[in-house]
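Heads up: the structure comes next, in structure tokens.
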Amino acid sequence: MTLPTASVSMFRLSLVARTSRMGTEKRLTRLSMPTDNRHPCFVHSSTQRINFSRHLATYNPLIIGIRSEDPLRIWERRVPLTPEDVKDILEAARRANERFKDMEFESENRDSPPSIHSHSDSASRLEPKVKASTSNLSQPANDTADSGTPFVPEFLPYPLEIHIQPSSKRIFPDSAYVEAGAKVTDDLTGAHVLLGIKEVSVEEVMRDAAEEPGKLLSVKDAKKMKVARTYMMFSHTAKGQEYNMPLLDRFLESELDLPSQTSSSAISSESRLPTLIDYELLTSSSSGKRTLAFGFHAGLAGTLLSLYTLGAYFFREFGIQTPWLWTPLPHLPLPKNLTSSDATRTTFSRSREPHLKEENAAISDLDTLAVPYPHTLPSTPNLDASLPSVDELRRALRDVVGGMIRATKDGTGEPFGPCVIGVTGSGNVSQGSLSMLSELPHRFVEVHELPDLVLHRKLKGSQIELDLVYVVRIKPEDYLVRKDSLASSRSLSPASESSTTFSPSYSRSDYHASPSSYTSLFPIRIAPYLTLLLNGAGWAPGYPKMISEEGVKTAGNVINGMDEKKRKGRFAVVGDISCDPYGGLEFVTHATTLGKPFYKMEHISSSSNGSSPAFTSQTLLKHPVYVQSVDILPASLPVDASEHFSNGLKKYLWGVVRQYASGVEAVNVASQETREAETRDEVKEVEDALQRATIASRGRLAGRFAEEGFLGAKVGAYRAKRDATGVDDLTRPFYGGSKRCLSSLSPGSSSSFTTSPASSMLSPPSSPLPPLPTSPKHPKHPKRILLLGSGMVAGPAIRWIMQRIMKEKDVVLVVAGKERGELERLKGLARSIPCNVREMVSFRQVDIAEEDEVRKMVSDVDVVISLLPAPLHPPLAKLCIDQCTHLVTASYISPEMRSLDHAAQQANVLLLNEIGLDPGIDHVSAISMLERLKEEGKEVKSFESFCGGLPEPDLLRYPGHLENSMHDVGANLEYPPAGPLSYKFSWSPRGVLTAALNGARYKMGGNLVEVPGIGFSGKGTGILARENMFPNIDFGECEHDEELRKLQGMLEGLPNRDSLPYAEMYGLPDGTMTVLRGTLRYKGFAELMFHFHQQGFLDIDRTIDLESHSLSLSSLSSESHEESFLTRNHTARALERAWREVVFQIRARPSSSSSSSYFSTFSSGKTEDPLANPIAWLLSAETGTPSTTIQQWIGLPLLPSSPTTPLDLFTLLLAHKLQYDDGERDMVVLVHKVITRVVTDKPVPNVGEIEIEEELHTSSLVIYGSYHNYTPNERLYESAMARSVGIPVAIAALAVLDGAVESISIPRPVSIRGVHGPGHISIREPVLQGMLEAGIGMSEGVAKVLVRDKRIE
């Protein structure tokens, strides 16, 4: 490793004294004395008048900077250095610097200056002479700060400072670091060493050199001396991770040819690019094991979360409370009721709630019990909460859970037999698990004892007790055998209860030499007897799976062979602490979060038929398995993990500091006779470890990474891809993955973009205009947002912004609308927040037509959110451009809006559109998912996306009986609350109806499918034609999303307009066989709408003359409205007669012979009319959803008096009949299905095919409408559609307000300006993260299968 070395490390000190009448002047000359031949010699001298006092000299400090972690990592609260260690480091550095000053002072005052030609003489004369009488410092051996610490430099030629960026989520507050002596600042540009836990963002890597630490000889010369910086982090680059190659590229010279590391142009050997050191590569030279790791803490936390999951399993599946429900959770404060005495009273009591034993019971049902936690776990950390230490967690587990096990007669659970916990692995993870389990009453057993223990409740011939847990340490030799030895083994029968005949054939050396020769008996020999499996073992491709997907079925068969009483709770929970989806535990499909730490596995894939994952058969498990697979376990113990890490990091940090001061230290080491050889060996060990952990230095790959070449090849491939496409991680966010070259598009080329909804995401690149200032437009005021519109979407948006106001108190919100009633309703939201911030939210009644008033409001704010109708957005955007105010809307980018792109760029204004549900969430979630799959090297073969707003499934349940009506309408009126269409409308249904007439175009299985229709390619049948429907939408396993699984088999799909432009927008490869975007409806909707269309209900090119009927409809409308002389019954009957005449007129339209034949067929009675029952229901005055605003509601609307199109009449009828009733909820469903494949090139014998691994990746969102407190006494309903539009709009507006909408991949920020959709990473990631925090985040799952394809020669 070659770390940057300060120039003081390359020079010896020479003093030439001379005397003059003006006093004594010292000339200090630094002559180059390189410590090794890697540094070229040079001379730098300066003359200055100095005082003999060492305290008057000026020094540049060596600065260690501690970065704040990525705010998107919401659970990452760990720190590389604790405040306590910061204090120790600063104190030790101060003492070392004082000793250096003493040494320098003594050298300056010697009578005979040392020879500048004699190295040894110079070294001996520079030996420090510190007398007790002249210094209050103790001797180094007695220093409390660094006594006995060989890693602390004996002499430090400059002061050391620690600067730390502020962070509100860091587990240690900023004030603790200030108290320790650190400086809290956002600016780390002066730092020489930069520390963090996770990788730094690409744009934050400072490639420029820092000022050299040391004595300032002159201001002019000080500015010339520069040294390279050093970054230390978990960079996740050493294995060539594709998604982090842009980060590694920042540490390498751009002229460098990779992987050869040669260059056509000369690259200076003294490059000042920063050095990259990866914590993961710091290892012991003797054992080769990592010396800085969090595995032990992962084992501690994973064990607790797995025990908690075990409690949830017993409660969900059997309705029984066990001690495990009281397991302390590491990422939450210890509850006050977490005591064994309180808990014991409710242990093993059956729940009195019968629904808790239903299949879909939720963990939130535990809220009603006396358990310690509210088991709807928070999705984000409580930054103000005090988290428990490891000791406190141990104590709670020991005293509460362990106490309950010992105190109750049932122990761990009489109905479930002995609780057997298996632990795999031999590293830090398993040691952490065993350490935490040791707090429970326990006994170790061997694998061969498991059958007797579980089946006979005996151990070594004696009856067992249930007041303890049985722990088995599982070693590879316990389950790995050579395949050729299976025939001779007599213990492979699942029914075998004795393992004494098991003859292991495992050899560690043979296993690693030939892993394919081995297989795992874990599913037969161990898994069936376990209650909980804690997996801490690693796995690598080519090695046998510990438990394959088929192995889960095998284990289930063994369990099914047991007696019914003995099979309960067997192989109930798997805690995959190693969190390696599809790894050694092949059935583990995905990582979980601390907010949702486990998932329930009820099905297992059956891929033997070689079919596509979309049609993979599933095997139902007779005994479900709960899987805990949290991938950020150490982050749940931020205090203890940080203290452990910080303690281990210190010596390596001192090693880096020594490199910056290596010249002076070299002198000291040579002259310090008290240093033992053992001490020097320890220092050498640290230096060697740092060298092994250095990935890049001086603009080149270092050490083995330069020699092996694979990492250079990865960076080279990244550069080649970037250069070939013109779109890389530095500019890619403009297009969200598009392959279009940025350089080919000028800022004024917006006219070349089409205006379809899909292409509106392809925003043209903006000019490199100045970024949004961090201060608001009006420096004397806080940041301001204007929200225009007071409809149903406004409520969720206002609530989200108010959360920010209550927390940060840095935003003023002005809500303006036309309707006073709606504004009064929204004011209730402001009354629900504290008085001290209530004045930061105001409401104004304004008409958007009053341009002067609107202009003034726009000029007073920084960002405008428009929830107005889409046609009003272009004129509003012009006002925003004039007033230099940013605009955020949820509407599609219209041609008028697109034409404003250049003007907006010139005004440095962002016009952000399409940030609702569709468009909006659908785009940001799809792009994010596809980008991640691309980074993982997976080839996308199929992309399908379906979205729809629907009634909740409960509204499709048929009533048990009919209510009494005014007249008999027959059993044909018996429809569920959602009516014959299985649909309800929260606003005018006209858009839903006209969408059915649109044409569509998509790609399916490599074939282009075009559906003619209005608005696409002329007049046609539209998407309602039977051949264009998808009658059954299959979501796959749905293990990742319980709500989605409830909808399996209930929905159909219709193609949604033109899907093909999305292929380019999403960056899909040309070989993608399927590209389809569609709309979701309940089954039967499209078929029924097809018949309505065929019979003229959707016609827009003719009108019905309502005044020509025998009944005066205009008179009826007037009289019915006033109810002046007609009773309600008479009004209802009159409306029914009038509507029947209107419907007859609609169905009797002049049409083609085919349409006439269609109508006459049903009229003649030859075939049952499919619209007979739906129309009877629609034309009854007694059906539909009564309006709460009308005293005497009638199930039919009043008819207009002027000629009206059939479509508008049908719209009027449906809007009246199918509105939502109180207590009824709507629902939004969004599902992306992506099939990827990786060609394994594994030939299939005698077939001429190869096996191809395919994966079905599913990303889904299911949102229900919900009630919220608008006033203390009023809870108002917010529809799912309103929440899915309002919340993303508010999140995006706050991101714009905070200046986050800018490129995050280049050193100099380039703001995103002009007309844009949400494809930019700085928009889509905050939106997705905010949705997660709002409880409406996307859920993802993956299923894997092997398929066969023709071999390509």
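Residues in the structure tokens are numbered from 1 in each chain, the chains being A, B, ... in the order shown, and ligands are numbered from 1 in the order shown.
The shell of residues at most 6 Å from region 585-590 of chain A, with only C-alpha atoms counted and near chain neighbours (fewer than 4 positions) removed, consists of Met546, Ile547, Ser548, Glu549 and Pro581 of chain A.
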Take the residues from that selection and write them out as a PDB file, in the first residue's frame, keeping C-alpha atoms.
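Resulting contents of part-v7.pdb:
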ATOM      1  CA  MET A 546     -27.895 -27.103   3.053  1.00  0.00           C
ATOM      2  CA  ILE A 547     -31.665 -27.239   2.422  1.00  0.00           C
ATOM      3  CA  SER A 548     -32.925 -27.004  -1.145  1.00  0.00           C
ATOM      4  CA  GLU A 549     -36.507 -26.237  -2.106  1.00  0.00           C
ATOM      5  CA  PRO A 581     -31.434 -15.500  -0.570  1.00  0.00           C
TER       6      PRO A 581
END
Q. Hey, what's within 7 Å of region 1230-1237 of chain A if we count only C-alpha atoms and toss same-chain stuff fewer than 2 positions away? As a ChimeraX atom specification, please?
A. /A:926,938-948,1228,1239,1252-1262
What lies within 9 Å of Gln431 (chain A) using only C-alpha atoms, ignoring chain neighbours under 5 positions off, as a PDB file with N, CA, C and O atoms, in the first residue's frame?
ATOM      1  N   GLY A 295     -20.198  -9.441  12.469  1.00  0.00           N
ATOM      2  CA  GLY A 295     -20.860 -10.738  12.495  1.00  0.00           C
ATOM      3  C   GLY A 295     -21.371 -11.137  13.860  1.00  0.00           C
ATOM      4  O   GLY A 295     -22.466 -11.692  13.996  1.00  0.00           O
ATOM      5  N   PHE A 296     -20.596 -10.862  14.899  1.00  0.00           N
ATOM      6  CA  PHE A 296     -21.007 -11.244  16.253  1.00  0.00           C
ATOM      7  C   PHE A 296     -22.303 -10.528  16.634  1.00  0.00           C
ATOM      8  O   PHE A 296     -23.223 -11.126  17.197  1.00  0.00           O
ATOM      9  N   GLY A 299     -25.250 -11.972  14.905  1.00  0.00           N
ATOM     10  CA  GLY A 299     -25.709 -13.167  15.606  1.00  0.00           C
ATOM     11  C   GLY A 299     -26.548 -12.838  16.823  1.00  0.00           C
ATOM     12  O   GLY A 299     -27.575 -13.480  17.084  1.00  0.00           O
ATOM     13  N   LEU A 300     -26.147 -11.822  17.575  1.00  0.00           N
ATOM     14  CA  LEU A 300     -26.919 -11.421  18.752  1.00  0.00           C
ATOM     15  C   LEU A 300     -28.317 -10.956  18.356  1.00  0.00           C
ATOM     16  O   LEU A 300     -29.330 -11.419  18.891  1.00  0.00           O
ATOM     17  N   GLY A 425     -22.758 -22.992  11.387  1.00  0.00           N
ATOM     18  CA  GLY A 425     -21.655 -22.062  11.211  1.00  0.00           C
ATOM     19  C   GLY A 425     -20.674 -22.144  12.366  1.00  0.00           C
ATOM     20  O   GLY A 425     -20.987 -22.640  13.455  1.00  0.00           O
ATOM     21  N   SER A 426     -19.458 -21.607  12.106  1.00  0.00           N
ATOM     22  CA  SER A 426     -18.413 -21.645  13.136  1.00  0.00           C
ATOM     23  C   SER A 426     -17.739 -20.286  13.313  1.00  0.00           C
ATOM     24  O   SER A 426     -16.742 -20.192  14.009  1.00  0.00           O
ATOM     25  N   MET A 436     -25.994 -15.283  22.891  1.00  0.00           N
ATOM     26  CA  MET A 436     -27.309 -14.823  23.325  1.00  0.00           C
ATOM     27  C   MET A 436     -28.145 -15.972  23.861  1.00  0.00           C
ATOM     28  O   MET A 436     -28.864 -15.821  24.864  1.00  0.00           O
ATOM     29  N   GLY A 536     -25.945 -19.492  10.475  1.00  0.00           N
ATOM     30  CA  GLY A 536     -24.825 -18.567  10.390  1.00  0.00           C
ATOM     31  C   GLY A 536     -23.738 -19.080   9.475  1.00  0.00           C
ATOM     32  O   GLY A 536     -22.616 -18.562   9.493  1.00  0.00           O
TER      33      GLY A 536
END
Q) Between A:Leu1207, A:Leu879, A:Leu532, A:Leu649, which one has atoms that come closest to Phe314 (chain A), using only C-alpha atoms? A) A:Leu532
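Residues lying within 10 Å of Asp452 (chain A), counting only C-alpha atoms and ignoring same-chain neighbours fewer than 2 positions away, are His448, Glu449, Leu450, Val454, Leu455, His456, Arg457, Lys458, Leu459, Lys460, Gly461, Glu497, Ser498, Ser499 and Tyr529 of chain A.
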Would you write out those residues with all heavy atoms, as a tab-separated table (two decimals), in the first residue's frame?
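As a result, again_38.tsv now contains:
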chain	number	residue	atom	x	y	z
A	448	HIS	N	-27.20	-36.76	16.82
A	448	HIS	CA	-27.71	-38.13	16.86
A	448	HIS	C	-28.71	-38.35	18.00
A	448	HIS	O	-29.41	-39.36	18.05
A	448	HIS	CB	-26.55	-39.12	16.99
A	448	HIS	CG	-25.82	-39.04	18.30
A	448	HIS	ND1	-26.24	-39.71	19.42
A	448	HIS	CD2	-24.69	-38.36	18.64
A	448	HIS	CE1	-25.41	-39.45	20.42
A	448	HIS	NE2	-24.45	-38.63	19.97
A	449	GLU	N	-28.81	-37.38	18.92
A	449	GLU	CA	-29.76	-37.50	20.04
A	449	GLU	C	-31.12	-36.89	19.72
A	449	GLU	O	-32.05	-37.00	20.52
A	449	GLU	CB	-29.18	-36.82	21.28
A	449	GLU	CG	-27.91	-37.47	21.79
A	449	GLU	CD	-27.27	-36.71	22.94
A	449	GLU	OE1	-27.26	-35.46	22.87
A	449	GLU	OE2	-26.79	-37.34	23.89
A	450	LEU	N	-31.25	-36.23	18.58
A	450	LEU	CA	-32.48	-35.51	18.28
A	450	LEU	C	-33.71	-36.40	18.15
A	450	LEU	O	-34.78	-36.06	18.67
A	450	LEU	CB	-32.30	-34.69	16.99
A	450	LEU	CG	-31.28	-33.55	17.07
A	450	LEU	CD1	-31.21	-32.81	15.73
A	450	LEU	CD2	-31.65	-32.57	18.17
A	454	VAL	N	-37.07	-35.71	20.52
A	454	VAL	CA	-38.34	-35.21	20.02
A	454	VAL	C	-39.43	-36.27	20.04
A	454	VAL	O	-40.56	-36.00	20.46
A	454	VAL	CB	-38.15	-34.65	18.60
A	454	VAL	CG1	-39.49	-34.28	17.98
A	454	VAL	CG2	-37.22	-33.45	18.61
A	455	LEU	N	-39.11	-37.49	19.60
A	455	LEU	CA	-40.14	-38.51	19.44
A	455	LEU	C	-40.48	-39.20	20.75
A	455	LEU	O	-41.62	-39.66	20.94
A	455	LEU	CB	-39.68	-39.53	18.41
A	455	LEU	CG	-39.39	-38.98	17.00
A	455	LEU	CD1	-38.93	-40.09	16.08
A	455	LEU	CD2	-40.62	-38.28	16.42
A	456	HIS	N	-39.52	-39.29	21.66
A	456	HIS	CA	-39.77	-40.01	22.92
A	456	HIS	C	-39.60	-39.13	24.15
A	456	HIS	O	-39.81	-39.61	25.27
A	456	HIS	CB	-38.82	-41.22	23.03
A	456	HIS	CG	-38.91	-42.16	21.87
A	456	HIS	ND1	-40.07	-42.83	21.54
A	456	HIS	CD2	-37.99	-42.53	20.94
A	456	HIS	CE1	-39.86	-43.58	20.47
A	456	HIS	NE2	-38.60	-43.41	20.08
A	457	ARG	N	-39.19	-37.87	23.92
A	457	ARG	CA	-38.94	-36.95	25.03
A	457	ARG	C	-37.96	-37.56	26.04
A	457	ARG	O	-38.13	-37.44	27.25
A	457	ARG	CB	-40.23	-36.53	25.72
A	457	ARG	CG	-41.19	-35.77	24.82
A	457	ARG	CD	-42.25	-35.05	25.60
A	457	ARG	NE	-43.13	-34.29	24.71
A	457	ARG	CZ	-44.08	-33.44	25.11
A	457	ARG	NH1	-44.27	-33.25	26.40
A	457	ARG	NH2	-44.83	-32.80	24.24
A	458	LYS	N	-36.94	-38.19	25.50
A	458	LYS	CA	-35.91	-38.78	26.33
A	458	LYS	C	-34.54	-38.32	25.86
A	458	LYS	O	-34.33	-38.03	24.68
A	458	LYS	CB	-35.97	-40.31	26.27
A	458	LYS	CG	-37.16	-40.91	27.00
A	458	LYS	CD	-37.10	-42.42	27.02
A	458	LYS	CE	-38.27	-43.02	27.80
A	458	LYS	NZ	-38.19	-44.51	27.85
A	459	LEU	N	-33.61	-38.25	26.80
A	459	LEU	CA	-32.24	-37.88	26.51
A	459	LEU	C	-31.33	-38.73	27.37
A	459	LEU	O	-31.43	-38.68	28.61
A	459	LEU	CB	-32.01	-36.39	26.79
A	459	LEU	CG	-30.65	-35.83	26.37
A	459	LEU	CD1	-30.47	-35.94	24.86
A	459	LEU	CD2	-30.50	-34.37	26.80
A	460	LYS	N	-30.51	-39.52	26.69
A	460	LYS	CA	-29.61	-40.45	27.40
A	460	LYS	C	-30.39	-41.36	28.34
A	460	LYS	O	-29.96	-41.67	29.47
A	460	LYS	CB	-28.54	-39.68	28.16
A	460	LYS	CG	-27.68	-38.77	27.29
A	460	LYS	CD	-26.56	-38.14	28.07
A	460	LYS	CE	-25.80	-37.11	27.25
A	460	LYS	NZ	-25.25	-37.64	26.00
A	461	GLY	N	-31.58	-41.78	27.90
A	461	GLY	CA	-32.39	-42.72	28.66
A	461	GLY	C	-33.27	-42.12	29.72
A	461	GLY	O	-34.11	-42.82	30.29
A	497	GLU	N	-35.54	-43.62	13.52
A	497	GLU	CA	-35.49	-42.82	14.73
A	497	GLU	C	-34.11	-42.88	15.36
A	497	GLU	O	-33.85	-42.17	16.32
A	497	GLU	CB	-36.54	-43.31	15.74
A	497	GLU	CG	-37.97	-43.18	15.22
A	497	GLU	CD	-38.97	-43.64	16.24
A	497	GLU	OE1	-38.55	-44.00	17.35
A	497	GLU	OE2	-40.18	-43.64	15.96
A	498	SER	N	-33.28	-43.72	14.92
A	498	SER	CA	-31.96	-43.83	15.52
A	498	SER	C	-30.91	-43.44	14.51
A	498	SER	O	-31.00	-43.75	13.34
A	498	SER	CB	-31.71	-45.27	16.01
A	498	SER	OG	-30.39	-45.40	16.46
A	499	SER	N	-29.91	-42.76	14.98
A	499	SER	CA	-28.85	-42.32	14.11
A	499	SER	C	-27.55	-43.02	14.43
A	499	SER	O	-26.50	-42.67	13.95
A	499	SER	CB	-28.66	-40.79	14.23
A	499	SER	OG	-29.83	-40.15	13.84
A	529	TYR	N	-36.51	-32.26	13.30
A	529	TYR	CA	-36.50	-32.32	14.76
A	529	TYR	C	-36.25	-30.95	15.39
A	529	TYR	O	-36.26	-30.81	16.61
A	529	TYR	CB	-35.42	-33.31	15.23
A	529	TYR	CG	-35.57	-34.66	14.59
A	529	TYR	CD1	-34.72	-35.07	13.55
A	529	TYR	CD2	-36.59	-35.53	14.96
A	529	TYR	CE1	-34.87	-36.31	12.95
A	529	TYR	CE2	-36.76	-36.76	14.36
A	529	TYR	CZ	-35.90	-37.15	13.35
A	529	TYR	OH	-36.06	-38.35	12.74
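The interatomic distance for the pair CA of Pro869 (chain A) and CA of Ala890 (chain A) works out to 9.9 Å.
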Q | For Arg855 (chain A): contacts at 12 Å, only C-alpha atoms, fewer than 4 positions along chain excluded, given as a count of residues only | A | 22
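If only C-alpha atoms are the atoms counted, then among A:Val1143, A:Ile785, A:Ile927, A:Val1315 the closest residue to Met897 (chain A) is A:Val1315.
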Q: Run DSSP on the backbone of this structure and report the residues of region 807-930 of chain A it assigns to strand (DSSP E), as a PyMOL selection string.
A: chain A and resi 811-817+841-845+863-866+886-889+910-912
